[in-house]
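Encoded as structure tokens, the structure appears first; notes follow it.
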Amino acid sequence: QILPEIKKEYIESGKVRWEVVHFPLTGGEQDAINAAIASECAAEQNAFWPYHDILFINQQNLARQDLLRYAGNVPQIKVESFTSCLNSKKPVSLVENDIRLSERLGISATPTFLAGNYLFSNLPYPRLKKILDEEIARRQKAFPQ
């Protein structure tokens with residue numbers, strides 16, 4: 001819900017860099033990992049965010065047939081190429097590396113944000129904005145242009 005505000009004020013203005021790191025909350029299930037892999041297949045076709053949004057809405061339905069159906073609902077995704085990517089498991093190592101990184105950082109919830117030395121999640125926008133503004137000011141003071 002806060003992403004549009006963050007994008008407008010911080011990402012699009014170049015104040016912060018936005019990076020997605022996969023941390024599928026699996027509870028022992030492979031479906032969440034497969035959904036992360038599928039989102040990378042969508043990213044190959046510049047459709048990460050539209051596909052991500054569909055996955056987010058349908059978190060309880062992440063079986064392979066669902067992932068393929070969702071791909072068909074994103075206009076910019078060529079389902080044949082998407083299916084080929086999914087079958088090849090090309091993005092598996094990327095997702096596995098992201099999971100290991102998330103675990104090393106101590107991430108336990110999504111979304112989680114990292115700003116400077118601060119790691120936080122589930123903050124209302126005004127609190128997040130305060131942290132981001134403080135971190136930006138601190139960096140500008142430490143590294144003047």
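Scheme for the structure tokens: letters A, B, ... for chains in order shown; per-chain residue numbers from 1; ligand numbers from 1 in order shown.
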*Could you give me, as a ChimeraX atom specification, the residues within 8 Å of Cys41 of chain A, counting only C-alpha atoms and dropping anything in the same chain fewer than 6 positions from it?*
/A:82,85-86,91
Counting only C-alpha atoms, which residues of segment 45-121 of chain A fall within 8 Å of segment 17-22 of chain A, and what is the closest atom pair for each with its distance in Å at one decimal, ordered by chain and rising number, as CSV?
```
residue,atom,partner,partner_atom,distance
A:Val95,CA,A:His22,CA,6.0
A:Asp98,CA,A:His22,CA,5.3
A:Ile99,CA,A:His22,CA,6.2
A:Ser102,CA,A:Val21,CA,7.5
```
*asked:* List as a ChimeraX atom specification the protein and nucleic acid residues near segment 59-65 of chain A, meaning an atom at most 12 Å away when only C-alpha atoms are counted, but skip any in the same chain fewer than 6 places from it.
replied: /A:24-26,29-39,52-53,71-72,83,86-87
Tyr125 of chain A surroundings by only C-alpha atoms, 8 Å radius, close-in-sequence under 3 positions cut, as an mmCIF file with N, CA and C atoms, in the first residue's frame:
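Dumped to selection-v2.cif:
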```cif
data_model
loop_
_atom_site.group_PDB
_atom_site.id
_atom_site.type_symbol
_atom_site.label_atom_id
_atom_site.label_comp_id
_atom_site.auth_asym_id
_atom_site.auth_seq_id
_atom_site.Cartn_x
_atom_site.Cartn_y
_atom_site.Cartn_z
ATOM 1 N N ILE A 2 2.061 1.169 0.545
ATOM 2 C CA ILE A 2 2.906 2.367 0.605
ATOM 3 C C ILE A 2 3.859 2.469 -0.577
ATOM 4 N N LEU A 128 8.286 5.336 8.096
ATOM 5 C CA LEU A 128 9.246 4.942 7.060
ATOM 6 C C LEU A 128 9.856 6.182 6.417
ATOM 7 N N LYS A 129 9.034 7.169 6.116
ATOM 8 C CA LYS A 129 9.506 8.418 5.509
ATOM 9 C C LYS A 129 10.522 9.105 6.423
#
```
_Just checking: using only C-alpha atoms, which residue out of A:Asn117, A:Ser84, A:Asn58, A:Gln45 ends up closest to Tyr70 of chain A?_
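Closest to Tyr70 of chain A, using only C-alpha atoms: A:Asn58.
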*Please give the complete set of residues from segment 40-141 of chain A that DSSP, run on the backbone, assigns to helix (DSSP H, G or I), formatted as an MDAnalysis selection string.*
chainID A and resid 40:43 48:57 64:72 79:88 92:105 125:141
*Tell me which of A:Glu40, A:Val16, A:Leu68, A:Lys8 sits closest to Phe113 of chain A, counting only C-alpha atoms.*
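The closest residue to Phe113 of chain A is A:Val16.
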*Residues of chain A in strand (DSSP E) according to DSSP, as a list in words?*
Thr112, Phe113, Leu114, Ala115, Tyr118, Leu119, Phe120 and Ser121 of chain A
Produce a file of the selected residues containing N, CA, C and O atoms, as a PDB file, in the first residue's frame.
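See again.pdb below for the written result:
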```pdb
ATOM      1  N   THR A 112      10.491  -6.235   3.862  1.00  0.00           N
ATOM      2  CA  THR A 112      11.477  -5.700   4.802  1.00  0.00           C
ATOM      3  C   THR A 112      12.316  -4.690   4.038  1.00  0.00           C
ATOM      4  O   THR A 112      12.641  -4.899   2.880  1.00  0.00           O
ATOM      5  N   PHE A 113      12.652  -3.601   4.709  1.00  0.00           N
ATOM      6  CA  PHE A 113      13.429  -2.545   4.088  1.00  0.00           C
ATOM      7  C   PHE A 113      14.775  -2.430   4.796  1.00  0.00           C
ATOM      8  O   PHE A 113      14.870  -2.610   6.007  1.00  0.00           O
ATOM      9  N   LEU A 114      15.776  -2.111   4.035  1.00  0.00           N
ATOM     10  CA  LEU A 114      17.114  -1.870   4.566  1.00  0.00           C
ATOM     11  C   LEU A 114      17.499  -0.451   4.165  1.00  0.00           C
ATOM     12  O   LEU A 114      17.508  -0.119   2.975  1.00  0.00           O
ATOM     13  N   ALA A 115      17.774   0.368   5.154  1.00  0.00           N
ATOM     14  CA  ALA A 115      18.211   1.747   4.903  1.00  0.00           C
ATOM     15  C   ALA A 115      19.416   2.001   5.788  1.00  0.00           C
ATOM     16  O   ALA A 115      19.289   2.037   7.015  1.00  0.00           O
ATOM     17  N   TYR A 118      19.830   0.167   9.153  1.00  0.00           N
ATOM     18  CA  TYR A 118      18.517  -0.139   9.721  1.00  0.00           C
ATOM     19  C   TYR A 118      17.788  -1.175   8.866  1.00  0.00           C
ATOM     20  O   TYR A 118      17.723  -1.057   7.642  1.00  0.00           O
ATOM     21  N   LEU A 119      17.236  -2.159   9.527  1.00  0.00           N
ATOM     22  CA  LEU A 119      16.432  -3.195   8.897  1.00  0.00           C
ATOM     23  C   LEU A 119      15.063  -3.134   9.557  1.00  0.00           C
ATOM     24  O   LEU A 119      14.959  -3.227  10.780  1.00  0.00           O
ATOM     25  N   PHE A 120      14.005  -2.940   8.767  1.00  0.00           N
ATOM     26  CA  PHE A 120      12.690  -2.786   9.376  1.00  0.00           C
ATOM     27  C   PHE A 120      11.597  -3.268   8.428  1.00  0.00           C
ATOM     28  O   PHE A 120      11.787  -3.345   7.221  1.00  0.00           O
ATOM     29  N   SER A 121      10.455  -3.600   9.018  1.00  0.00           N
ATOM     30  CA  SER A 121       9.296  -4.022   8.226  1.00  0.00           C
ATOM     31  C   SER A 121       8.030  -3.566   8.931  1.00  0.00           C
ATOM     32  O   SER A 121       8.054  -3.193  10.104  1.00  0.00           O
TER      33      SER A 121
END
```
*asked:* One number please: atom CA of Ile54 of chain A to atom CA of Leu3 of chain A, in Å, one decimal.
replied: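 For atom CA of Ile54 of chain A relative to atom CA of Leu3 of chain A, the distance reads 15.2 Å.
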*asked:* One number please: atom CA of Ile11 of chain A to atom CA of Arg100 of chain A, in Å, one decimal.
replied: 25.6 Å
_Which of A:Tyr10, A:Phe23, A:Val92, A:Ile136 sits closest to Gly106 of chain A [using only C-alpha atoms]_ =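 Result for the nearest residue to Gly106 of chain A: A:Phe23.
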_Shell around Gln1 of chain A at 12 Å using only C-alpha atoms, local window under 5 positions removed, as a VMD selection string_ = chain A and resid 6 to 7 53 56 111 122 to 125
